[in-house]
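Student: Take this structure, written in structure tokens, and hold onto it; I'll ask about it next.
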Amino acid sequence: MVWTYHRSARAIVYIAVALIFSCNDAEYQLDNEFDPTNLGLEPPAAFFHPGVIDTLSVGDTGSFQLYSYKITGVAGAHLNVLYDWGSITIDSVTLDPFFVNENNECIMFWEDDQGMLDVFLFYHPTLNTRTASGTGSMASVHFRVMSDGISELVYGDSTRFVDEVNSPVTINEYGVGSIDVTNP
Amino acid sequence: MIQKNTEISLLVHFLALFLLLALVSAETMESDQVGSQTGNRLAVLEFGSKGISAPMKILLTEQFRETLKKLNMYEVLDKGFTDRVEIFYPGETVYGECATLRCITELGKMLGVNYLVWGTINEKNDEYFIEGRLFSIDLEMEVKGFSLQNMAAVDSVKLEMKKLAYDISGLDIPDTLSIGSVSTISSVDSLEGKKNSRIWALLPRIPGKVRSLIYSTAIPGTGQIYSKRNYTGFGIIGTEMILGGLALLAHSNYKRSWGGFESTYNSYQSETDPATLLEMRPDIINYANDTQKYNNFMKGVRNIGLAVWGMNMVHAYIVGPEDIFVETDDLSIDEYGQLQGASRMKVWDLMSGFGVRGIILRPIFKGSSLSAYDPYTDAGLLLHTPLGLHLGPVFTSLSFEMTKYSFHSPDFNNTVTGTSFSTALNLDLSRLVRFGGNQLRKYIFLGRSSYTDGKGFMIGGDIAFQFGSSPLFMALMGRANIVSLLSTGTSAWVTIGANIGLDIP
């Protein structure tokens, strides 16, 4: 009760503790596996999130995101994703916030052709901004598992990013992903 | 914009000037004030005795002393101050007693008196004999001698001691002079009371130096106060309190940073979105750096505090009273408040009126341009000077204030931080506003301020409380800053806080 109700006593103790002892230094390890800094990619880069999907079985549905990592000045993108046709089938592709402007506008369409998924994204310019920049999810790909095994996800050679005058934006590295399906 | 190294340079220059003034005047100067001193300070040494008890001897001496005081012809030193000085003069036969002229002269000089009375009271065959001498310390000679004998009763002795007081004072003895039994009892009681009040603590008999060391080990500064080094003692207490305040301030900032670090780091460990994780990284690193900075500051303050504590212990032992030879200090100032005017001018006299205080303050109101920012607690320094003039009952002097200010946006992406240097007129309204009496000092500040990226004005006030007769002050303060900064334009903020420090009287 003395401790709770006597603030002066607490203040004296705090002063004594501060004078005699010291507090702990903050120790931390920024080792979250989903942290782009820990993926070993040199930005600007593009990767899959999550990088490894290993919790699904045959017949299950899942999704992965097409992620940008510190890409700047992008007005449009062609994301060419190669996957193991027969292991999974693409159900749909949905738009994510990276290319969406302040008016909630964006142009996206996609094509899937037996192991090759092409996603086209265009930033709708406004009075304030004409390009998208930063780190964020560009699109989400929803799929269904058809057979067990490991299906790799890779950005194909056709993948490119362009700025507002259609000049290529340099991407240093592309990450890879995998869908690891186990037998039930 | 004042660069950080220029701020430090300005402060160093100001402090250097301040210290130079003290050092140049470090030489102790003696002023010949013998002529202008009140030449009627008198001390009564405890009468020697033979055949009577010690309490009786003390009673009779005290009776004599009290009567002399009431007659008002001399400024009589209290028993406590007289007894604080013990001298073992070469050639004296009894430890702690003076019988020779040279010993008495030396003792009188140490007590700082002009006259000294000493005598003996002897009892033999139921008869009492009193002998005494009045010495002039200034002239180093005996001025007057007296003796009485053949008194048959203690009451007669008491009466004769009173008569002696009249005699010493050069006054006629009134016919109605009596013993006054009530006053006798009350004087005995007061003797006992004075004895009890002198006891500092229930400790076994410990040498004075060791006792001083023990006191200062327990509470820094108290050993010095026990050894009558009041300024040093209160200065050490004030220093440790300032260090404690700074440590508390740093601890408060540390707790705030630690809270931010803990919550952000916990969120980081459970988060799965890469974009969010990327945003958290710099926040975690900044919080961790801040906690380390404040922790290092606390460690530094702790080390300084411990060093001051250690030096205080050593100093307390050095200045602690010797068992054989005890030197009094500043008797005339402590005991004879109305008779201020020490015979020697010291450094403190030249530094009189200067003061320094440590500040802790926090904004409570802010202008619209700072509405998106959160205020934080900061520290500062206030320097008083006696450079000023009296405008009626108000003394207007110059003072300097240096305070830090910090405003942060909630996400710490934007900050408005810096240091303000203010030169202000300090109006002492204590005589005008009588609320609180002399212990509570009231000030108003009006000043021009220079901020890290702008200029402005400062208006404020202090209500300062003085701790007894010590130079230690603690004040509640408020400041209003009206500024024009490059980062925010015209703005204002109001702070409240506290400051603690020393004002050299």
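Following the order of the structure tokens, chains are lettered A, B, ..., residues in each are numbered from 1, and ligands are numbered from 1.
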So that I can see what lies close to A:Thr37, please list as a list in words the residues with an atom at most 10 Å from it, counting only C-alpha atoms and leaving out residues fewer than 6 positions away in the same chain.
Tutor: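 After dropping sequence-adjacent residues, the list is Leu30, Asp31, Pro43 and Tyr69 of chain A; Pro274, Leu277, Leu278 and Arg281 of chain B.
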Student: Only residues of chain B matter here; which ones have an atom within 9 Å of chain A, counting only C-alpha atoms? Give them as an mmCIF file with N, CA and C atoms, in the first residue's frame.
Tutor:
data_model
loop_
_atom_site.group_PDB
_atom_site.id
_atom_site.type_symbol
_atom_site.label_atom_id
_atom_site.label_comp_id
_atom_site.auth_asym_id
_atom_site.auth_seq_id
_atom_site.Cartn_x
_atom_site.Cartn_y
_atom_site.Cartn_z
ATOM 1 N N MET B 241 21.071 15.908 -5.504
ATOM 2 C CA MET B 241 19.658 16.006 -5.887
ATOM 3 C C MET B 241 19.535 16.343 -7.368
ATOM 4 N N LEU B 243 21.735 15.595 -9.681
ATOM 5 C CA LEU B 243 22.093 14.376 -10.415
ATOM 6 C C LEU B 243 20.943 13.377 -10.374
ATOM 7 N N GLY B 244 20.311 13.289 -9.212
ATOM 8 C CA GLY B 244 19.157 12.397 -9.118
ATOM 9 C C GLY B 244 18.032 12.833 -10.039
ATOM 10 N N GLY B 245 17.811 14.137 -10.125
ATOM 11 C CA GLY B 245 16.789 14.642 -11.028
ATOM 12 C C GLY B 245 17.108 14.334 -12.479
ATOM 13 N N ALA B 247 18.979 11.898 -13.495
ATOM 14 C CA ALA B 247 18.820 10.451 -13.675
ATOM 15 C C ALA B 247 17.348 10.100 -13.821
ATOM 16 N N LEU B 248 16.514 10.776 -13.051
ATOM 17 C CA LEU B 248 15.078 10.520 -13.136
ATOM 18 C C LEU B 248 14.547 10.923 -14.503
ATOM 19 N N ALA B 250 16.264 11.044 -17.302
ATOM 20 C CA ALA B 250 16.747 10.058 -18.273
ATOM 21 C C ALA B 250 15.968 8.755 -18.141
ATOM 22 N N HIS B 251 15.649 8.384 -16.921
ATOM 23 C CA HIS B 251 14.896 7.153 -16.708
ATOM 24 C C HIS B 251 13.505 7.254 -17.314
ATOM 25 N N TYR B 254 13.920 6.893 -20.910
ATOM 26 C CA TYR B 254 14.255 5.493 -21.182
ATOM 27 C C TYR B 254 12.995 4.633 -21.167
ATOM 28 N N TRP B 258 11.713 2.507 -24.168
ATOM 29 C CA TRP B 258 11.629 1.051 -23.971
ATOM 30 C C TRP B 258 10.225 0.551 -24.298
ATOM 31 N N PHE B 261 9.913 0.439 -27.968
ATOM 32 C CA PHE B 261 10.702 -0.680 -28.507
ATOM 33 C C PHE B 261 9.985 -2.012 -28.273
ATOM 34 N N GLU B 262 9.510 -2.193 -27.036
ATOM 35 C CA GLU B 262 8.892 -3.476 -26.692
ATOM 36 C C GLU B 262 7.677 -3.768 -27.545
ATOM 37 N N TYR B 265 8.732 -4.261 -31.294
ATOM 38 C CA TYR B 265 9.468 -5.503 -31.510
ATOM 39 C C TYR B 265 8.549 -6.717 -31.398
ATOM 40 N N TYR B 268 6.684 -6.887 -34.496
ATOM 41 C CA TYR B 268 7.554 -7.349 -35.591
ATOM 42 C C TYR B 268 7.661 -8.874 -35.600
ATOM 43 N N GLN B 269 7.764 -9.459 -34.442
ATOM 44 C CA GLN B 269 7.989 -10.911 -34.376
ATOM 45 C C GLN B 269 6.760 -11.695 -34.804
ATOM 46 N N SER B 270 5.582 -11.090 -34.678
ATOM 47 C CA SER B 270 4.362 -11.809 -35.032
ATOM 48 C C SER B 270 3.789 -11.378 -36.382
ATOM 49 N N GLU B 271 4.343 -10.334 -36.983
ATOM 50 C CA GLU B 271 3.806 -9.815 -38.242
ATOM 51 C C GLU B 271 4.219 -10.706 -39.409
ATOM 52 N N THR B 272 3.339 -10.759 -40.433
ATOM 53 C CA THR B 272 3.642 -11.582 -41.604
ATOM 54 C C THR B 272 3.706 -10.771 -42.888
ATOM 55 N N ASP B 273 3.254 -9.524 -42.870
ATOM 56 C CA ASP B 273 3.251 -8.728 -44.093
ATOM 57 C C ASP B 273 4.629 -8.086 -44.300
ATOM 58 N N PRO B 274 5.271 -8.343 -45.449
ATOM 59 C CA PRO B 274 6.626 -7.820 -45.673
ATOM 60 C C PRO B 274 6.701 -6.296 -45.625
ATOM 61 N N ALA B 275 5.694 -5.608 -46.186
ATOM 62 C CA ALA B 275 5.741 -4.143 -46.218
ATOM 63 C C ALA B 275 5.720 -3.579 -44.801
ATOM 64 N N THR B 276 4.855 -4.133 -43.959
ATOM 65 C CA THR B 276 4.762 -3.672 -42.568
ATOM 66 C C THR B 276 6.048 -3.971 -41.818
ATOM 67 N N LEU B 277 6.602 -5.133 -42.066
ATOM 68 C CA LEU B 277 7.858 -5.498 -41.399
ATOM 69 C C LEU B 277 8.974 -4.533 -41.770
ATOM 70 N N LEU B 278 8.978 -4.146 -43.034
ATOM 71 C CA LEU B 278 10.022 -3.221 -43.491
ATOM 72 C C LEU B 278 9.892 -1.863 -42.811
ATOM 73 N N ARG B 281 11.267 -1.984 -39.032
ATOM 74 C CA ARG B 281 12.709 -2.134 -38.781
ATOM 75 C C ARG B 281 13.365 -0.851 -38.274
ATOM 76 N N ILE B 284 12.285 0.082 -34.717
ATOM 77 C CA ILE B 284 12.896 -0.761 -33.682
ATOM 78 C C ILE B 284 14.339 -0.324 -33.438
ATOM 79 N N ILE B 285 15.047 -0.068 -34.528
ATOM 80 C CA ILE B 285 16.459 0.330 -34.381
ATOM 81 C C ILE B 285 16.555 1.669 -33.669
ATOM 82 N N TYR B 287 14.330 3.049 -31.573
ATOM 83 C CA TYR B 287 13.977 2.877 -30.159
ATOM 84 C C TYR B 287 15.128 2.242 -29.385
ATOM 85 N N ALA B 288 15.737 1.226 -29.992
ATOM 86 C CA ALA B 288 16.848 0.554 -29.308
ATOM 87 C C ALA B 288 18.012 1.520 -29.098
ATOM 88 N N ASN B 289 18.298 2.330 -30.114
ATOM 89 C CA ASN B 289 19.385 3.313 -29.964
ATOM 90 C C ASN B 289 19.056 4.327 -28.869
ATOM 91 N N THR B 291 17.083 3.886 -26.238
ATOM 92 C CA THR B 291 17.201 3.282 -24.906
ATOM 93 C C THR B 291 18.670 3.157 -24.508
ATOM 94 N N GLN B 292 19.498 2.819 -25.491
ATOM 95 C CA GLN B 292 20.922 2.703 -25.179
ATOM 96 C C GLN B 292 21.499 4.058 -24.813
ATOM 97 N N ASN B 295 20.246 4.972 -21.365
ATOM 98 C CA ASN B 295 20.880 4.087 -20.392
ATOM 99 C C ASN B 295 22.326 4.508 -20.150
ATOM 100 N N ASN B 296 23.022 4.829 -21.227
ATOM 101 C CA ASN B 296 24.410 5.304 -21.074
ATOM 102 C C ASN B 296 24.455 6.595 -20.267
ATOM 103 N N MET B 298 22.287 7.511 -18.003
ATOM 104 C CA MET B 298 22.043 7.182 -16.593
ATOM 105 C C MET B 298 23.291 6.587 -15.959
ATOM 106 N N LYS B 299 23.996 5.755 -16.714
ATOM 107 C CA LYS B 299 25.226 5.182 -16.170
ATOM 108 C C LYS B 299 26.225 6.282 -15.881
ATOM 109 N N VAL B 301 25.576 9.457 -15.208
ATOM 110 C CA VAL B 301 25.123 10.213 -14.036
ATOM 111 C C VAL B 301 25.372 9.408 -12.771
ATOM 112 N N ARG B 302 25.140 8.092 -12.883
ATOM 113 C CA ARG B 302 25.380 7.234 -11.729
ATOM 114 C C ARG B 302 26.841 7.290 -11.328
ATOM 115 N N ASN B 303 27.720 7.199 -12.306
ATOM 116 C CA ASN B 303 29.150 7.220 -11.988
ATOM 117 C C ASN B 303 29.562 8.560 -11.382
ATOM 118 N N GLY B 305 27.566 10.562 -9.756
ATOM 119 C CA GLY B 305 26.966 10.590 -8.427
ATOM 120 C C GLY B 305 27.776 9.791 -7.422
ATOM 121 N N LEU B 306 28.260 8.635 -7.852
ATOM 122 C CA LEU B 306 29.074 7.822 -6.955
ATOM 123 C C LEU B 306 30.417 8.500 -6.677
#
Student: DSSP on the backbone: what in stretch 3-183 of chain A comes out helix (DSSP H, G or I), as a list in words?
Tutor: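 Written out, the helix (DSSP H, G or I) residues of stretch 3-183 of chain A are Trp3, Thr4, Tyr5, Arg7, Ser8, Ala9, Arg10, Ala11, Ile12, Val13, Tyr14, Ile15, Ala16, Val17, Ala18, Leu19, Ile20, Pro36, Thr37, Asn38, Leu39, Pro97, Phe98 and Phe99 of chain A.
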Student: With a distance cut-off of 12 Å and only C-alpha atoms, select the neighbouring residues of A:Val165, excluding the residue or stretch itself and same-chain residues fewer than 3 positions from it, and output the selection as an MDAnalysis selection string.
Tutor: chainID A and resid 73:76 130:131 161:162 168:169
Student: Export N, CA and C atoms of the chosen residues as an mmCIF file, in the first residue's frame?
Tutor:
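The result, stored in selection.cif:
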data_model
loop_
_atom_site.group_PDB
_atom_site.id
_atom_site.type_symbol
_atom_site.label_atom_id
_atom_site.label_comp_id
_atom_site.auth_asym_id
_atom_site.auth_seq_id
_atom_site.Cartn_x
_atom_site.Cartn_y
_atom_site.Cartn_z
ATOM 1 N N GLY A 73 9.218 4.487 -59.095
ATOM 2 C CA GLY A 73 8.880 5.110 -60.388
ATOM 3 C C GLY A 73 8.291 4.159 -61.411
ATOM 4 N N VAL A 74 7.402 3.262 -60.952
ATOM 5 C CA VAL A 74 6.838 2.254 -61.864
ATOM 6 C C VAL A 74 5.455 2.693 -62.300
ATOM 7 N N ALA A 75 5.227 2.705 -63.589
ATOM 8 C CA ALA A 75 3.893 3.039 -64.125
ATOM 9 C C ALA A 75 3.185 1.804 -64.673
ATOM 10 N N GLY A 76 3.943 0.765 -64.955
ATOM 11 C CA GLY A 76 3.314 -0.447 -65.479
ATOM 12 C C GLY A 76 4.218 -1.646 -65.268
ATOM 13 N N ARG A 130 2.227 10.042 -60.681
ATOM 14 C CA ARG A 130 2.102 9.377 -61.988
ATOM 15 C C ARG A 130 2.666 7.964 -61.947
ATOM 16 N N THR A 131 3.304 7.601 -60.844
ATOM 17 C CA THR A 131 3.927 6.277 -60.739
ATOM 18 C C THR A 131 3.731 5.733 -59.323
ATOM 19 N N PHE A 161 9.287 -4.139 -65.845
ATOM 20 C CA PHE A 161 8.640 -2.980 -65.218
ATOM 21 C C PHE A 161 9.025 -1.767 -66.051
ATOM 22 N N VAL A 162 8.069 -0.854 -66.242
ATOM 23 C CA VAL A 162 8.344 0.340 -67.030
ATOM 24 C C VAL A 162 7.890 1.571 -66.260
ATOM 25 N N PRO A 168 12.341 1.014 -69.419
ATOM 26 C CA PRO A 168 12.442 -0.081 -68.444
ATOM 27 C C PRO A 168 12.957 0.414 -67.094
ATOM 28 N N VAL A 169 12.400 -0.153 -66.051
ATOM 29 C CA VAL A 169 12.893 0.097 -64.692
ATOM 30 C C VAL A 169 13.752 -1.102 -64.297
#
